[in-house]
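Undergrad: Sharing a structure here in structure tokens format.
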Amino acid sequence: MTDIYSAHPRVIMHLDMNSFFASVEQAANPELKGLPIAVAGNPKERRGILVTCSYEARAYGVYTTMTVGEAKRLCPNLHIIPPRHELYRQMSDSVFNLLRSYTEWVEPVSIDEAYIDTTEIGGLTNAFDLATEMQQRILHELDLPCSIGIAPNKFLAKTASDMKKPMGITILRKREVAEKLWPLPVIEMHGIGKRTEEKLNSAGIHTIGELAVTEKIKLEALLGKNGMRLQQRANGIDTRPVDPESADERKSIGSSTTLPVDLTEFLDCIPIFERLATKVAKRLAAKSLAGITVTIQIRYADWQNTTRSRTVHQAVYLAEDITKIALQLFERHWNNEPIRLLGITVGNVIERNEMVEQLTFDNFEQQEKEYELDLLVSDLSERFGSGVIQKGCSK
């Protein structure tokens with residue numbers, strides 16, 4: 001792959017499929033076109049939360065994350081469709097393959113969005129025409145709508161793709177940031193959630209423009225390094241390259257589940273983690289993979305998310321090993337608030353035939369000792385500050 005990042009200026013597109021799951025269902029069944037539809041799980045359980053809904057449903061006030069019951073009250077004729085993940089994955093692959101017919105510089109970032117670096121295939125001169133061609137091909141060949149943002153970097157391209165939906169194409173230049181972004185409240189900026197908004201507001205920072213000009217020392221004290229990144233984005237600066245290899249599915253394999261009721265007891269969570277670990281282990285086995293990093297996801301009843309990871313010396317792939325690490329992380333980091341979703345991901349995966357060290361009782365015991373030492377260092381750092389204690393080395 002040639003290095004295009006010596007070429008300037010860069011032209012990055014962000015392609016965002018419009019109401020992707022609902023659009024796929026309408027493409028698969030034309031009788032659903034023009035009707036208010038929503039994709040959701042079992043309406044009798046909490047899994048009945050809407051994953052997505054069509055624009056016809058949104059006209060009634062229906063929105064993603066709403067429960068089926070709430071949505072039905074707003075739109076009695078709403079068609080509820082159970083998710084078909086394999087179909088969505090196939091259609092997603094078709095979209096990305098179409099994009100790759102233009103350039104190899106395509107970075108999928110989720111099942112329904114991707115960045116494309118078009119610097120070498122027309123630059124800004126032909127960007128709008130190229131985006132129009134991509135958009136129309138996806139519509140005519142796959143029967144799916146999308147919006148595309150065009151900008152000199154990832155952040156502005158993603159921001160631009162949200163400006164016109166559905167079927168929009170928007171060019172956002174860096175010189176337009178002050179006019180178009182700075183007047184907006186900070187919550188409108190990608191990368192800022194409710195908690196970050198609250199922290200910024202408490203410091204008197206309410207708009208993207210105020211974030212852009214806040215004193216760096218104040219922002220770093222408030223948000224740490226993330227504050228510096230957000231301030232750069234608020235000024236239209238984003239140096240991240242489009243990286244096709246970052247989308248390599250071999251990097252992590254995971255599974256999560258939304259719970260039918262909030263869980264509040266540790267013992268009730270154990271079988272959930274066991275089932276998730278079994279699913280992950282089966283997927284690892286199907287691809288003959290193992291991974292050295294285990295990550296758990298906890299989503300609380302108030303929709304706040306927490307992720308915690310542990311990296312081990314010996315790659316894991318068995319369900320019982322994944323479960324053990326996940327439960328250690330959960331026991332340590334759960335804040336005892338009610339839980340609505342749990343997930344496990346095994347990351348930094350490798351082919352099993354690349355594993356050279358055999359896990360013996362001795363090195364397993366050593367890993368456990370090192371893990372306990374890591375916990376001790378972590379506890380002391382939290383109480384007395386980072387760097388208060390460090391591991392030494394023998395000579």
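Simple scheme: letters A, B, ... for chains in structure tokens order, numbers from 1 for residues in each chain, numbers from 1 for ligands in the order shown.
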Hey, what's within 8 Å of stretch 328-331 of chain A if we count only C-alpha atoms and toss same-chain stuff fewer than 4 positions away? As a list in words, please?

TA: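 The residues satisfying every condition are Phe266, Ile296, Arg308, Ser309, Arg310 and Lys324 of chain A.
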
Undergrad: List as a list in words the protein and nucleic acid residues near stretch 91-94 of chain A, meaning an atom at most 8 Å away when only C-alpha atoms are counted, but skip any in the same chain fewer than 3 places from it.

TA: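 Here the answer would be Val24, Leu87, Tyr88, Asn97, Leu98, Ile111, Asp112 and Leu142 of chain A.
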
Undergrad: Would you output that residue set with C-alpha atoms, as a compact mmCIF listing (two decimals), in the first residue's frame?

TA:
# COMPACT_ATOMS: atom_id res chain seq x y z
CA VAL A 24 -32.05 -3.12 4.76
CA LEU A 87 -28.34 -10.06 6.60
CA TYR A 88 -27.10 -6.70 7.91
CA ASN A 97 -16.72 -3.66 -1.21
CA LEU A 98 -18.36 -1.08 -3.47
CA ILE A 111 -21.37 -1.90 10.46
CA ASP A 112 -22.93 1.16 8.81
CA LEU A 142 -28.17 -2.12 -3.08

Undergrad: From a DSSP pass on the backbone, collect the residues of stretch 91-269 of chain A flagged as helix (DSSP H, G or I) and hand them back as a PyMOL selection string.

TA: chain A and resi 91-100+119-121+127-142+154-161+174-180+186-188+194-202+208-213+216-223+225-234+244-247+249-251+266-269

Undergrad: So which residues touch A:Asp243 within 8 Å, counting only C-alpha atoms, skipping near sequence neighbours fewer than 5 positions away, as a VMD selection string?

TA: chain A and resid 105 to 107

Undergrad: Near A:Pro338, within 6 Å and counting only C-alpha atoms, which residues show up once chain neighbours fewer than 4 positions away are dropped, as a VMD selection string?

TA: chain A and resid 262 to 264 300 to 301
